[in-house]
Every structure is written in C-alpha cells, then in structure tokens.
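Peer 1: One structure, as structure tokens, below. Some questions next.
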Amino acid sequence: MTILGDFLREYATPQLSAAGFKKKGTEYKFTNESGDSTFLTFSTTRIDPEACVFFATCSFVPEPYWAWLNRQHVDAGLPPADSSGVLAAYSVLPPPPFAHAPTAPGLARARWAFGGRNRPAVGAGFAGQLEADELPRMKRLLERPELLAEITSSRSPSIRRWGAIQSELVLMVDDYTAQQKEVLLSAPELDDTFRRDYREWTERRMTASPTAPPKAN
C-alpha cells in the first residue's frame with residue numbers, strides 16, 4: 001500500500017481535503033449537514049508486477065439508510081457511518097491511457113494502473129478527473145432526490161446496491177407523505193416482513209424526531 005499511499009498523498013489528498021473529506025488509510029469520507037456520507041475508497045489488486053493497479057470506488061451512505069441498517073441498536077446511538085453501509089456506488093473509470101485493461105469488459109475496465117514512467121501522467125489525469133467530474137458528481141448525489149433519480153435510472157451499469165423500491169422508501173422516509181409510502185409498500189415484490197419492519201421503523205423515527213431526522217457522525 002506504500003506505493004498507492006504515496007500516489008494518493010500527492011494527487012488525491014490535496015483536492016479531497018480542500019473539499020472537506022477526511023482521510024483514513026486509503027479511504028476518504030465526507031458527511032454533509034443532513035448526515036449523509038460519501039466515501040472514495042481505493043484498493044489495489046496484485047495482478048501486474050510492473051505496475052500499481054487499483055480501483056477507485058465512490059460509495060453513498062445516506063443517513064436514513066444507515067439508520068435503517070442499525071435500527072436494532074438505535075437506542076444506544078448510531079455508530080459513525082462507514083462504507084459497509086453502502087446504498088449506491090460506482091467505480092471511477094479511468095480514461096483508456098490510464099486503464100490497466102482499456103478494452104476489458106465489466107469490472108476489469110475500472111482498473112487504474114501506473115508505473116514508474118507514467119506515474120506523473122496518471123496522477124495528473126486522476127487529479128483532473130477528480131476536479132472536473134468526480135467531486136461535482138459526488139456532491140450532486142449527496143442530494144437525496146438526485147441520488148434517488150440515479151438509483152431508479154435505467155442506465156447501465158446501475159449504481160444501486162439494493163432493491164429500487166426499498167431504496168426509495170428508506171431514502172425518502174423524511175420527505176414522503178404516509179400515503180406515498182403506503183403506495184410504494186403495496187408493491188407486490190415487497191414481502192410482509194419488510195413492510196412490517198419499515199412501518200415500525202418509520203413510527204419510531206417520527207417519534208424520536210418529529211421535525212428532523214437524527215444526524216450521523
């Protein structure tokens with residue numbers, strides 16, 4: 001991780017820190033005023049002895065979804081959100097010159113790679129993509145209606161990691177009326193256990209904070 005860590009300190013940390021992200025290891029976290037978090041996580045894969053090959057993944061953990069995942073422990077207080085509670089995510093795709101396998105299908109296309117000779121070019125390219133594309137996109141998707149639109153989009157690949165209807169119900173729990181929720185809950189693909197748990201959780205959430213949702217750290 002030393003090679004990747006040095007690369008991130010030079011080409012990623014300055015911009016991400018300026019944007020309010022906090023770094024822990026090879027992961028960067030930003031939490032907005034609503035308690036919704038986004039993570040930019042880097043991971044290496046040992047497949048090329050001559051290059052550092054890595055993935056960059058943007059993950060979104062909205063406060064309502066984190067609260068839903070931790071609903072059994074809410075009385076003890078929510079733990080700080082982490083990227084294990086991902087509701088939606090996407091891979092940061094490298095442009096062909098910086099991709100390890102630019103013509104590969106699927107996940108392999110998302111692998112960045114650099115060696116001693118092209119490290120400055122890849123670093124500058126990654127930093128430029130952060131500024132021009134990824135940071136604006138992450139900021140936009142921290143708005144719950146924007147994230148919902150992306151989750152329910154038919155575009156491929158999908159960023160959602162859970163069912164579309166369940167995602168909508170939990171993500172928009174503080175914004176939808178009781179009638180809107182019941183319409184969605186009537187969808188045949190939902191099971192009775194989810195409906196029961198969701199209604200109980202919604203009632204507890206409203207009772208705990210009738211005017212505003214709790215904030216996650």
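Letters for chains follow the order of the structure tokens (A, B, ...), residue numbers begin at 1 for each chain, and ligand numbers begin at 1 in the order shown.
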Please identify all polymer residues within 6 Å of segment 82-88 of chain A, counting only C-alpha atoms, omitting same-chain residues fewer than 4 positions from it, and present them as a ChimeraX atom specification.
Peer 2: /A:59-61,159-161
Peer 1: For the residues in that selection, give me C-alpha atoms as a short mmCIF file (atom, residue, chain, number, x, y, z; two decimals), in the first residue's frame.
Peer 2:
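Written file, part.cif:
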```
data_model
loop_
_atom_site.label_atom_id
_atom_site.label_comp_id
_atom_site.auth_asym_id
_atom_site.auth_seq_id
_atom_site.Cartn_x
_atom_site.Cartn_y
_atom_site.Cartn_z
CA SER A 59 -19.99 4.91 -2.24
CA PHE A 60 -23.02 6.67 -0.78
CA VAL A 61 -24.37 6.05 2.71
CA ILE A 159 -25.25 2.33 -9.08
CA ARG A 160 -27.83 0.84 -6.70
CA ARG A 161 -26.94 -1.97 -4.35
#
```
Peer 1: Could you write out, as a PyMOL selection string, all the residues of segment 60-214 of chain A that DSSP marks as alpha helix (DSSP H)?
Peer 2: chain A and resi 63-69+119-129+135-141+144-151+164-171+178-185+192-208
Peer 1: Nearest to Ser37 of chain A: which of A:Gly116, A:Pro157, A:Pro79, A:Pro62 is it, counting only C-alpha atoms?
Peer 2: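 Among the listed residues, A:Pro62 lies closest to Ser37 of chain A.
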Peer 1: Using DSSP secondary structure from the backbone, list all strand (DSSP E or B) positions within chain A, as a PDB file with all heavy atoms, in the first residue's frame.
Peer 2:
```pdb
ATOM      1  N   LYS A  22     -12.316  13.668   4.940  1.00  0.00           N
ATOM      2  CA  LYS A  22     -11.393  13.200   5.964  1.00  0.00           C
ATOM      3  C   LYS A  22     -10.804  11.870   5.510  1.00  0.00           C
ATOM      4  O   LYS A  22     -11.531  10.991   5.054  1.00  0.00           O
ATOM      5  CB  LYS A  22     -12.105  13.025   7.309  1.00  0.00           C
ATOM      6  CG  LYS A  22     -12.840  14.268   7.790  1.00  0.00           C
ATOM      7  CD  LYS A  22     -11.904  15.451   8.004  1.00  0.00           C
ATOM      8  CE  LYS A  22     -12.662  16.661   8.540  1.00  0.00           C
ATOM      9  NZ  LYS A  22     -11.782  17.847   8.679  1.00  0.00           N
ATOM     10  N   LYS A  23      -9.505  11.720   5.679  1.00  0.00           N
ATOM     11  CA  LYS A  23      -8.804  10.545   5.195  1.00  0.00           C
ATOM     12  C   LYS A  23      -8.525   9.565   6.318  1.00  0.00           C
ATOM     13  O   LYS A  23      -8.126   9.945   7.416  1.00  0.00           O
ATOM     14  CB  LYS A  23      -7.485  10.958   4.539  1.00  0.00           C
ATOM     15  CG  LYS A  23      -6.677   9.819   3.933  1.00  0.00           C
ATOM     16  CD  LYS A  23      -5.413  10.369   3.278  1.00  0.00           C
ATOM     17  CE  LYS A  23      -4.621   9.277   2.572  1.00  0.00           C
ATOM     18  NZ  LYS A  23      -4.056   8.285   3.519  1.00  0.00           N
ATOM     19  N   LYS A  24      -8.746   8.284   6.039  1.00  0.00           N
ATOM     20  CA  LYS A  24      -8.351   7.208   6.939  1.00  0.00           C
ATOM     21  C   LYS A  24      -7.808   6.072   6.085  1.00  0.00           C
ATOM     22  O   LYS A  24      -8.560   5.414   5.373  1.00  0.00           O
ATOM     23  CB  LYS A  24      -9.534   6.720   7.784  1.00  0.00           C
ATOM     24  CG  LYS A  24      -9.137   5.661   8.811  1.00  0.00           C
ATOM     25  CD  LYS A  24     -10.319   5.259   9.679  1.00  0.00           C
ATOM     26  CE  LYS A  24      -9.904   4.222  10.720  1.00  0.00           C
ATOM     27  NZ  LYS A  24     -11.059   3.811  11.566  1.00  0.00           N
ATOM     28  N   GLU A  27      -9.017   5.512   2.324  1.00  0.00           N
ATOM     29  CA  GLU A  27     -10.430   5.870   2.161  1.00  0.00           C
ATOM     30  C   GLU A  27     -10.639   7.310   2.618  1.00  0.00           C
ATOM     31  O   GLU A  27     -10.079   7.755   3.613  1.00  0.00           O
ATOM     32  CB  GLU A  27     -11.313   4.927   2.981  1.00  0.00           C
ATOM     33  CG  GLU A  27     -12.807   5.174   2.806  1.00  0.00           C
ATOM     34  CD  GLU A  27     -13.629   4.081   3.451  1.00  0.00           C
ATOM     35  OE1 GLU A  27     -13.790   4.129   4.695  1.00  0.00           O
ATOM     36  OE2 GLU A  27     -14.107   3.183   2.744  1.00  0.00           O
ATOM     37  N   TYR A  28     -11.475   8.023   1.861  1.00  0.00           N
ATOM     38  CA  TYR A  28     -11.802   9.412   2.159  1.00  0.00           C
ATOM     39  C   TYR A  28     -13.311   9.512   2.400  1.00  0.00           C
ATOM     40  O   TYR A  28     -14.097   8.931   1.656  1.00  0.00           O
ATOM     41  CB  TYR A  28     -11.414  10.319   0.999  1.00  0.00           C
ATOM     42  CG  TYR A  28      -9.935  10.320   0.675  1.00  0.00           C
ATOM     43  CD1 TYR A  28      -9.368   9.278  -0.066  1.00  0.00           C
ATOM     44  CD2 TYR A  28      -9.112  11.351   1.096  1.00  0.00           C
ATOM     45  CE1 TYR A  28      -8.012   9.272  -0.373  1.00  0.00           C
ATOM     46  CE2 TYR A  28      -7.751  11.354   0.789  1.00  0.00           C
ATOM     47  CZ  TYR A  28      -7.217  10.311   0.055  1.00  0.00           C
ATOM     48  OH  TYR A  28      -5.872  10.302  -0.255  1.00  0.00           O
ATOM     49  N   LYS A  29     -13.688  10.269   3.417  1.00  0.00           N
ATOM     50  CA  LYS A  29     -15.102  10.365   3.796  1.00  0.00           C
ATOM     51  C   LYS A  29     -15.523  11.818   3.907  1.00  0.00           C
ATOM     52  O   LYS A  29     -14.801  12.644   4.469  1.00  0.00           O
ATOM     53  CB  LYS A  29     -15.328   9.661   5.143  1.00  0.00           C
ATOM     54  CG  LYS A  29     -16.742   9.802   5.714  1.00  0.00           C
ATOM     55  CD  LYS A  29     -16.843   9.158   7.091  1.00  0.00           C
ATOM     56  CE  LYS A  29     -18.225   9.305   7.696  1.00  0.00           C
ATOM     57  NZ  LYS A  29     -18.302   8.719   9.060  1.00  0.00           N
ATOM     58  N   PHE A  30     -16.718  12.101   3.386  1.00  0.00           N
ATOM     59  CA  PHE A  30     -17.336  13.424   3.552  1.00  0.00           C
ATOM     60  C   PHE A  30     -18.765  13.235   4.020  1.00  0.00           C
ATOM     61  O   PHE A  30     -19.504  12.406   3.480  1.00  0.00           O
ATOM     62  CB  PHE A  30     -17.329  14.208   2.241  1.00  0.00           C
ATOM     63  CG  PHE A  30     -18.031  15.531   2.341  1.00  0.00           C
ATOM     64  CD1 PHE A  30     -17.382  16.633   2.886  1.00  0.00           C
ATOM     65  CD2 PHE A  30     -19.343  15.678   1.919  1.00  0.00           C
ATOM     66  CE1 PHE A  30     -18.030  17.864   2.995  1.00  0.00           C
ATOM     67  CE2 PHE A  30     -19.999  16.892   2.022  1.00  0.00           C
ATOM     68  CZ  PHE A  30     -19.338  17.994   2.560  1.00  0.00           C
ATOM     69  N   THR A  31     -19.170  13.986   5.041  1.00  0.00           N
ATOM     70  CA  THR A  31     -20.529  13.933   5.561  1.00  0.00           C
ATOM     71  C   THR A  31     -21.132  15.327   5.508  1.00  0.00           C
ATOM     72  O   THR A  31     -20.528  16.286   5.997  1.00  0.00           O
ATOM     73  CB  THR A  31     -20.552  13.404   7.007  1.00  0.00           C
ATOM     74  OG1 THR A  31     -19.954  12.111   7.045  1.00  0.00           O
ATOM     75  CG2 THR A  31     -21.986  13.298   7.530  1.00  0.00           C
ATOM     76  N   SER A  37     -23.377  10.540   3.965  1.00  0.00           N
ATOM     77  CA  SER A  37     -21.931  10.406   3.743  1.00  0.00           C
ATOM     78  C   SER A  37     -21.629   9.842   2.368  1.00  0.00           C
ATOM     79  O   SER A  37     -22.381   9.032   1.829  1.00  0.00           O
ATOM     80  CB  SER A  37     -21.310   9.489   4.805  1.00  0.00           C
ATOM     81  OG  SER A  37     -21.473  10.021   6.107  1.00  0.00           O
ATOM     82  N   THR A  38     -20.510  10.285   1.836  1.00  0.00           N
ATOM     83  CA  THR A  38     -19.953   9.685   0.629  1.00  0.00           C
ATOM     84  C   THR A  38     -18.514   9.287   0.909  1.00  0.00           C
ATOM     85  O   THR A  38     -17.811   9.957   1.672  1.00  0.00           O
ATOM     86  CB  THR A  38     -20.030  10.646  -0.579  1.00  0.00           C
ATOM     87  OG1 THR A  38     -19.544   9.983  -1.748  1.00  0.00           O
ATOM     88  CG2 THR A  38     -19.227  11.905  -0.356  1.00  0.00           C
ATOM     89  N   PHE A  39     -18.096   8.199   0.316  1.00  0.00           N
ATOM     90  CA  PHE A  39     -16.757   7.654   0.515  1.00  0.00           C
ATOM     91  C   PHE A  39     -16.088   7.474  -0.837  1.00  0.00           C
ATOM     92  O   PHE A  39     -16.728   7.048  -1.798  1.00  0.00           O
ATOM     93  CB  PHE A  39     -16.813   6.294   1.210  1.00  0.00           C
ATOM     94  CG  PHE A  39     -17.408   6.330   2.598  1.00  0.00           C
ATOM     95  CD1 PHE A  39     -18.788   6.308   2.774  1.00  0.00           C
ATOM     96  CD2 PHE A  39     -16.593   6.373   3.719  1.00  0.00           C
ATOM     97  CE1 PHE A  39     -19.339   6.340   4.050  1.00  0.00           C
ATOM     98  CE2 PHE A  39     -17.136   6.407   4.990  1.00  0.00           C
ATOM     99  CZ  PHE A  39     -18.513   6.386   5.159  1.00  0.00           C
ATOM    100  N   LEU A  40     -14.805   7.786  -0.876  1.00  0.00           N
ATOM    101  CA  LEU A  40     -13.993   7.450  -2.035  1.00  0.00           C
ATOM    102  C   LEU A  40     -12.927   6.486  -1.534  1.00  0.00           C
ATOM    103  O   LEU A  40     -12.055   6.856  -0.741  1.00  0.00           O
ATOM    104  CB  LEU A  40     -13.357   8.697  -2.646  1.00  0.00           C
ATOM    105  CG  LEU A  40     -12.505   8.488  -3.905  1.00  0.00           C
ATOM    106  CD1 LEU A  40     -13.296   7.789  -5.002  1.00  0.00           C
ATOM    107  CD2 LEU A  40     -11.964   9.817  -4.413  1.00  0.00           C
ATOM    108  N   THR A  41     -13.032   5.238  -1.972  1.00  0.00           N
ATOM    109  CA  THR A  41     -12.201   4.163  -1.438  1.00  0.00           C
ATOM    110  C   THR A  41     -11.285   3.623  -2.531  1.00  0.00           C
ATOM    111  O   THR A  41     -11.729   3.367  -3.656  1.00  0.00           O
ATOM    112  CB  THR A  41     -13.091   3.026  -0.901  1.00  0.00           C
ATOM    113  OG1 THR A  41     -14.015   3.560   0.050  1.00  0.00           O
ATOM    114  CG2 THR A  41     -12.251   1.950  -0.228  1.00  0.00           C
ATOM    115  N   PHE A  42     -10.033   3.435  -2.181  1.00  0.00           N
ATOM    116  CA  PHE A  42      -9.043   2.923  -3.112  1.00  0.00           C
ATOM    117  C   PHE A  42      -8.586   1.541  -2.650  1.00  0.00           C
ATOM    118  O   PHE A  42      -8.338   1.320  -1.463  1.00  0.00           O
ATOM    119  CB  PHE A  42      -7.831   3.855  -3.185  1.00  0.00           C
ATOM    120  CG  PHE A  42      -8.152   5.210  -3.735  1.00  0.00           C
ATOM    121  CD1 PHE A  42      -8.645   6.212  -2.898  1.00  0.00           C
ATOM    122  CD2 PHE A  42      -7.984   5.493  -5.084  1.00  0.00           C
ATOM    123  CE1 PHE A  42      -8.949   7.472  -3.395  1.00  0.00           C
ATOM    124  CE2 PHE A  42      -8.285   6.748  -5.586  1.00  0.00           C
ATOM    125  CZ  PHE A  42      -8.772   7.736  -4.741  1.00  0.00           C
ATOM    126  N   SER A  43      -8.456   0.630  -3.600  1.00  0.00           N
ATOM    127  CA  SER A  43      -7.983  -0.721  -3.278  1.00  0.00           C
ATOM    128  C   SER A  43      -7.105  -1.219  -4.410  1.00  0.00           C
ATOM    129  O   SER A  43      -7.385  -0.967  -5.586  1.00  0.00           O
ATOM    130  CB  SER A  43      -9.157  -1.675  -3.057  1.00  0.00           C
ATOM    131  OG  SER A  43      -9.990  -1.728  -4.205  1.00  0.00           O
ATOM    132  N   THR A  44      -6.043  -1.909  -4.030  1.00  0.00           N
ATOM    133  CA  THR A  44      -5.110  -2.415  -5.033  1.00  0.00           C
ATOM    134  C   THR A  44      -5.402  -3.879  -5.348  1.00  0.00           C
ATOM    135  O   THR A  44      -6.034  -4.587  -4.563  1.00  0.00           O
ATOM    136  CB  THR A  44      -3.659  -2.299  -4.543  1.00  0.00           C
ATOM    137  OG1 THR A  44      -3.526  -2.975  -3.291  1.00  0.00           O
ATOM    138  CG2 THR A  44      -3.258  -0.850  -4.388  1.00  0.00           C
ATOM    139  N   CYS A  52       1.357  -0.510 -10.356  1.00  0.00           N
ATOM    140  CA  CYS A  52       0.400  -0.438  -9.241  1.00  0.00           C
ATOM    141  C   CYS A  52      -0.992  -0.350  -9.866  1.00  0.00           C
ATOM    142  O   CYS A  52      -1.322   0.629 -10.546  1.00  0.00           O
ATOM    143  CB  CYS A  52       0.679   0.786  -8.379  1.00  0.00           C
ATOM    144  SG  CYS A  52      -0.507   1.008  -7.017  1.00  0.00           S
ATOM    145  N   VAL A  53      -1.788  -1.377  -9.669  1.00  0.00           N
ATOM    146  CA  VAL A  53      -3.119  -1.461 -10.259  1.00  0.00           C
ATOM    147  C   VAL A  53      -4.139  -1.262  -9.139  1.00  0.00           C
ATOM    148  O   VAL A  53      -4.065  -1.928  -8.105  1.00  0.00           O
ATOM    149  CB  VAL A  53      -3.341  -2.819 -10.946  1.00  0.00           C
ATOM    150  CG1 VAL A  53      -4.710  -2.868 -11.606  1.00  0.00           C
ATOM    151  CG2 VAL A  53      -2.240  -3.072 -11.969  1.00  0.00           C
ATOM    152  N   PHE A  54      -5.088  -0.346  -9.348  1.00  0.00           N
ATOM    153  CA  PHE A  54      -6.024  -0.044  -8.263  1.00  0.00           C
ATOM    154  C   PHE A  54      -7.407   0.310  -8.794  1.00  0.00           C
ATOM    155  O   PHE A  54      -7.575   0.694  -9.957  1.00  0.00           O
ATOM    156  CB  PHE A  54      -5.492   1.103  -7.381  1.00  0.00           C
ATOM    157  CG  PHE A  54      -5.426   2.448  -8.054  1.00  0.00           C
ATOM    158  CD1 PHE A  54      -6.482   3.342  -7.972  1.00  0.00           C
ATOM    159  CD2 PHE A  54      -4.285   2.835  -8.756  1.00  0.00           C
ATOM    160  CE1 PHE A  54      -6.415   4.595  -8.582  1.00  0.00           C
ATOM    161  CE2 PHE A  54      -4.204   4.085  -9.368  1.00  0.00           C
ATOM    162  CZ  PHE A  54      -5.276   4.968  -9.278  1.00  0.00           C
ATOM    163  N   PHE A  55      -8.369   0.134  -7.911  1.00  0.00           N
ATOM    164  CA  PHE A  55      -9.743   0.567  -8.144  1.00  0.00           C
ATOM    165  C   PHE A  55     -10.018   1.811  -7.302  1.00  0.00           C
ATOM    166  O   PHE A  55      -9.481   1.954  -6.194  1.00  0.00           O
ATOM    167  CB  PHE A  55     -10.750  -0.509  -7.733  1.00  0.00           C
ATOM    168  CG  PHE A  55     -10.746  -1.751  -8.577  1.00  0.00           C
ATOM    169  CD1 PHE A  55     -10.057  -2.875  -8.165  1.00  0.00           C
ATOM    170  CD2 PHE A  55     -11.436  -1.796  -9.770  1.00  0.00           C
ATOM    171  CE1 PHE A  55     -10.056  -4.033  -8.922  1.00  0.00           C
ATOM    172  CE2 PHE A  55     -11.445  -2.949 -10.549  1.00  0.00           C
ATOM    173  CZ  PHE A  55     -10.749  -4.067 -10.127  1.00  0.00           C
ATOM    174  N   ALA A  56     -10.879   2.685  -7.787  1.00  0.00           N
ATOM    175  CA  ALA A  56     -11.384   3.824  -7.023  1.00  0.00           C
ATOM    176  C   ALA A  56     -12.906   3.737  -7.044  1.00  0.00           C
ATOM    177  O   ALA A  56     -13.514   3.733  -8.119  1.00  0.00           O
ATOM    178  CB  ALA A  56     -10.914   5.145  -7.622  1.00  0.00           C
ATOM    179  N   THR A  57     -13.511   3.649  -5.872  1.00  0.00           N
ATOM    180  CA  THR A  57     -14.955   3.426  -5.767  1.00  0.00           C
ATOM    181  C   THR A  57     -15.611   4.540  -4.965  1.00  0.00           C
ATOM    182  O   THR A  57     -15.171   4.853  -3.850  1.00  0.00           O
ATOM    183  CB  THR A  57     -15.259   2.083  -5.085  1.00  0.00           C
ATOM    184  OG1 THR A  57     -14.590   1.035  -5.788  1.00  0.00           O
ATOM    185  CG2 THR A  57     -16.755   1.811  -5.064  1.00  0.00           C
ATOM    186  N   CYS A  58     -16.650   5.128  -5.516  1.00  0.00           N
ATOM    187  CA  CYS A  58     -17.454   6.123  -4.813  1.00  0.00           C
ATOM    188  C   CYS A  58     -18.683   5.434  -4.234  1.00  0.00           C
ATOM    189  O   CYS A  58     -19.449   4.797  -4.971  1.00  0.00           O
ATOM    190  CB  CYS A  58     -17.898   7.230  -5.761  1.00  0.00           C
ATOM    191  SG  CYS A  58     -16.563   8.258  -6.377  1.00  0.00           S
ATOM    192  N   SER A  59     -18.864   5.550  -2.921  1.00  0.00           N
ATOM    193  CA  SER A  59     -19.990   4.910  -2.241  1.00  0.00           C
ATOM    194  C   SER A  59     -20.807   5.962  -1.504  1.00  0.00           C
ATOM    195  O   SER A  59     -20.254   6.938  -0.985  1.00  0.00           O
ATOM    196  CB  SER A  59     -19.487   3.870  -1.225  1.00  0.00           C
ATOM    197  OG  SER A  59     -18.653   2.912  -1.849  1.00  0.00           O
ATOM    198  N   PHE A  60     -22.115   5.716  -1.417  1.00  0.00           N
ATOM    199  CA  PHE A  60     -23.022   6.668  -0.782  1.00  0.00           C
ATOM    200  C   PHE A  60     -23.783   5.975   0.346  1.00  0.00           C
ATOM    201  O   PHE A  60     -24.392   4.920   0.144  1.00  0.00           O
ATOM    202  CB  PHE A  60     -23.988   7.260  -1.810  1.00  0.00           C
ATOM    203  CG  PHE A  60     -23.268   8.015  -2.889  1.00  0.00           C
ATOM    204  CD1 PHE A  60     -22.822   7.368  -4.034  1.00  0.00           C
ATOM    205  CD2 PHE A  60     -22.978   9.364  -2.747  1.00  0.00           C
ATOM    206  CE1 PHE A  60     -22.106   8.041  -5.008  1.00  0.00           C
ATOM    207  CE2 PHE A  60     -22.269  10.048  -3.716  1.00  0.00           C
ATOM    208  CZ  PHE A  60     -21.836   9.391  -4.847  1.00  0.00           C
ATOM    209  N   VAL A  61     -23.712   6.588   1.521  1.00  0.00           N
ATOM    210  CA  VAL A  61     -24.370   6.051   2.714  1.00  0.00           C
ATOM    211  C   VAL A  61     -25.262   7.148   3.285  1.00  0.00           C
ATOM    212  O   VAL A  61     -24.858   7.908   4.176  1.00  0.00           O
ATOM    213  CB  VAL A  61     -23.350   5.578   3.760  1.00  0.00           C
ATOM    214  CG1 VAL A  61     -24.062   4.908   4.934  1.00  0.00           C
ATOM    215  CG2 VAL A  61     -22.336   4.611   3.145  1.00  0.00           C
ATOM    216  N   ALA A  88     -25.627   2.953  -2.594  1.00  0.00           N
ATOM    217  CA  ALA A  88     -25.341   3.099  -4.024  1.00  0.00           C
ATOM    218  C   ALA A  88     -23.850   3.347  -4.192  1.00  0.00           C
ATOM    219  O   ALA A  88     -23.206   3.931  -3.317  1.00  0.00           O
ATOM    220  CB  ALA A  88     -26.141   4.261  -4.614  1.00  0.00           C
ATOM    221  N   ALA A  89     -23.295   2.894  -5.302  1.00  0.00           N
ATOM    222  CA  ALA A  89     -21.866   3.058  -5.528  1.00  0.00           C
ATOM    223  C   ALA A  89     -21.574   2.956  -7.014  1.00  0.00           C
ATOM    224  O   ALA A  89     -22.343   2.379  -7.783  1.00  0.00           O
ATOM    225  CB  ALA A  89     -21.076   1.992  -4.767  1.00  0.00           C
ATOM    226  N   TYR A  90     -20.446   3.524  -7.383  1.00  0.00           N
ATOM    227  CA  TYR A  90     -19.972   3.368  -8.760  1.00  0.00           C
ATOM    228  C   TYR A  90     -18.453   3.383  -8.771  1.00  0.00           C
ATOM    229  O   TYR A  90     -17.810   3.930  -7.871  1.00  0.00           O
ATOM    230  CB  TYR A  90     -20.530   4.462  -9.676  1.00  0.00           C
ATOM    231  CG  TYR A  90     -19.999   5.860  -9.429  1.00  0.00           C
ATOM    232  CD1 TYR A  90     -18.847   6.312 -10.071  1.00  0.00           C
ATOM    233  CD2 TYR A  90     -20.654   6.732  -8.566  1.00  0.00           C
ATOM    234  CE1 TYR A  90     -18.360   7.585  -9.863  1.00  0.00           C
ATOM    235  CE2 TYR A  90     -20.179   8.014  -8.341  1.00  0.00           C
ATOM    236  CZ  TYR A  90     -19.032   8.438  -8.998  1.00  0.00           C
ATOM    237  OH  TYR A  90     -18.544   9.710  -8.790  1.00  0.00           O
ATOM    238  N   SER A  91     -17.869   2.781  -9.778  1.00  0.00           N
ATOM    239  CA  SER A  91     -16.426   2.784  -9.967  1.00  0.00           C
ATOM    240  C   SER A  91     -16.018   3.999 -10.783  1.00  0.00           C
ATOM    241  O   SER A  91     -16.688   4.364 -11.758  1.00  0.00           O
ATOM    242  CB  SER A  91     -15.981   1.513 -10.695  1.00  0.00           C
ATOM    243  OG  SER A  91     -16.236   0.361  -9.918  1.00  0.00           O
ATOM    244  N   ALA A  99      -5.856   3.230 -18.009  1.00  0.00           N
ATOM    245  CA  ALA A  99      -6.504   1.990 -17.603  1.00  0.00           C
ATOM    246  C   ALA A  99      -5.540   0.819 -17.751  1.00  0.00           C
ATOM    247  O   ALA A  99      -4.757   0.756 -18.702  1.00  0.00           O
ATOM    248  CB  ALA A  99      -7.754   1.739 -18.436  1.00  0.00           C
ATOM    249  N   TRP A 112      -7.356   1.230 -12.683  1.00  0.00           N
ATOM    250  CA  TRP A 112      -6.321   2.203 -12.994  1.00  0.00           C
ATOM    251  C   TRP A 112      -4.957   1.518 -12.838  1.00  0.00           C
ATOM    252  O   TRP A 112      -4.839   0.547 -12.090  1.00  0.00           O
ATOM    253  CB  TRP A 112      -6.382   3.388 -12.044  1.00  0.00           C
ATOM    254  CG  TRP A 112      -7.586   4.248 -12.159  1.00  0.00           C
ATOM    255  CD1 TRP A 112      -8.864   3.950 -11.757  1.00  0.00           C
ATOM    256  CD2 TRP A 112      -7.646   5.578 -12.691  1.00  0.00           C
ATOM    257  NE1 TRP A 112      -9.709   4.995 -12.024  1.00  0.00           N
ATOM    258  CE2 TRP A 112      -8.989   6.010 -12.584  1.00  0.00           C
ATOM    259  CE3 TRP A 112      -6.689   6.430 -13.244  1.00  0.00           C
ATOM    260  CZ2 TRP A 112      -9.394   7.271 -13.016  1.00  0.00           C
ATOM    261  CZ3 TRP A 112      -7.090   7.695 -13.667  1.00  0.00           C
ATOM    262  CH2 TRP A 112      -8.429   8.106 -13.560  1.00  0.00           C
ATOM    263  N   ALA A 113      -3.931   2.060 -13.491  1.00  0.00           N
ATOM    264  CA  ALA A 113      -2.595   1.483 -13.342  1.00  0.00           C
ATOM    265  C   ALA A 113      -1.544   2.539 -13.623  1.00  0.00           C
ATOM    266  O   ALA A 113      -1.698   3.393 -14.507  1.00  0.00           O
ATOM    267  CB  ALA A 113      -2.407   0.291 -14.283  1.00  0.00           C
ATOM    268  N   PHE A 114      -0.468   2.486 -12.861  1.00  0.00           N
ATOM    269  CA  PHE A 114       0.671   3.355 -13.136  1.00  0.00           C
ATOM    270  C   PHE A 114       1.953   2.636 -12.753  1.00  0.00           C
ATOM    271  O   PHE A 114       1.977   1.765 -11.880  1.00  0.00           O
ATOM    272  CB  PHE A 114       0.564   4.694 -12.386  1.00  0.00           C
ATOM    273  CG  PHE A 114       0.663   4.577 -10.882  1.00  0.00           C
ATOM    274  CD1 PHE A 114       1.901   4.588 -10.242  1.00  0.00           C
ATOM    275  CD2 PHE A 114      -0.486   4.472 -10.105  1.00  0.00           C
ATOM    276  CE1 PHE A 114       1.992   4.487  -8.858  1.00  0.00           C
ATOM    277  CE2 PHE A 114      -0.402   4.369  -8.723  1.00  0.00           C
ATOM    278  CZ  PHE A 114       0.837   4.379  -8.097  1.00  0.00           C
ATOM    279  N   ARG A 160     -27.136   1.282  -7.913  1.00  0.00           N
ATOM    280  CA  ARG A 160     -27.828   0.840  -6.703  1.00  0.00           C
ATOM    281  C   ARG A 160     -27.340  -0.524  -6.250  1.00  0.00           C
ATOM    282  O   ARG A 160     -26.922  -1.353  -7.041  1.00  0.00           O
ATOM    283  CB  ARG A 160     -29.342   0.838  -6.900  1.00  0.00           C
ATOM    284  CG  ARG A 160     -29.905  -0.170  -7.877  1.00  0.00           C
ATOM    285  CD  ARG A 160     -31.423   0.012  -7.966  1.00  0.00           C
ATOM    286  NE  ARG A 160     -32.025  -0.844  -8.973  1.00  0.00           N
ATOM    287  CZ  ARG A 160     -32.523  -2.052  -8.717  1.00  0.00           C
ATOM    288  NH1 ARG A 160     -32.470  -2.538  -7.498  1.00  0.00           N
ATOM    289  NH2 ARG A 160     -33.074  -2.760  -9.685  1.00  0.00           N
TER     290      ARG A 160
END
```
Peer 1: Set the distance at 10 Å and use only C-alpha atoms: which residues neighbour segment 168-184 of chain A once local chain neighbours fewer than 3 positions away are removed? I'd like the list as a ChimeraX atom specification.
Peer 2: /A:61-68,87,144-145,147-149,151-152,162-165,187-188,190,195,198-199,201-202,205-206,210-213
Peer 1: Taking a cut-off of 10 Å and counting only C-alpha atoms, can you build a table that, for each residue of segment 59-129 of chain A near segment 134-139 of chain A, reports the nearest atom pair and how far apart they are in Å (one decimal), sorted by chain then residue number, as a tab-separated table?
Peer 2:
```
residue	atom	partner	partner_atom	distance
A:Ser59	CA	A:Met138	CA	8.9
A:Phe60	CA	A:Met138	CA	8.4
A:Val92	CA	A:Glu134	CA	7.6
A:Phe126	CA	A:Glu134	CA	9.8
A:Ala127	CA	A:Glu134	CA	9.7
A:Gly128	CA	A:Glu134	CA	9.3
A:Gln129	CA	A:Glu134	CA	6.4
```
Peer 1: To one decimal place in Å, what is the distance between atom CA of Glu33 of chain A and atom CA of Ala12 of chain A?
Peer 2: 23.4 Å
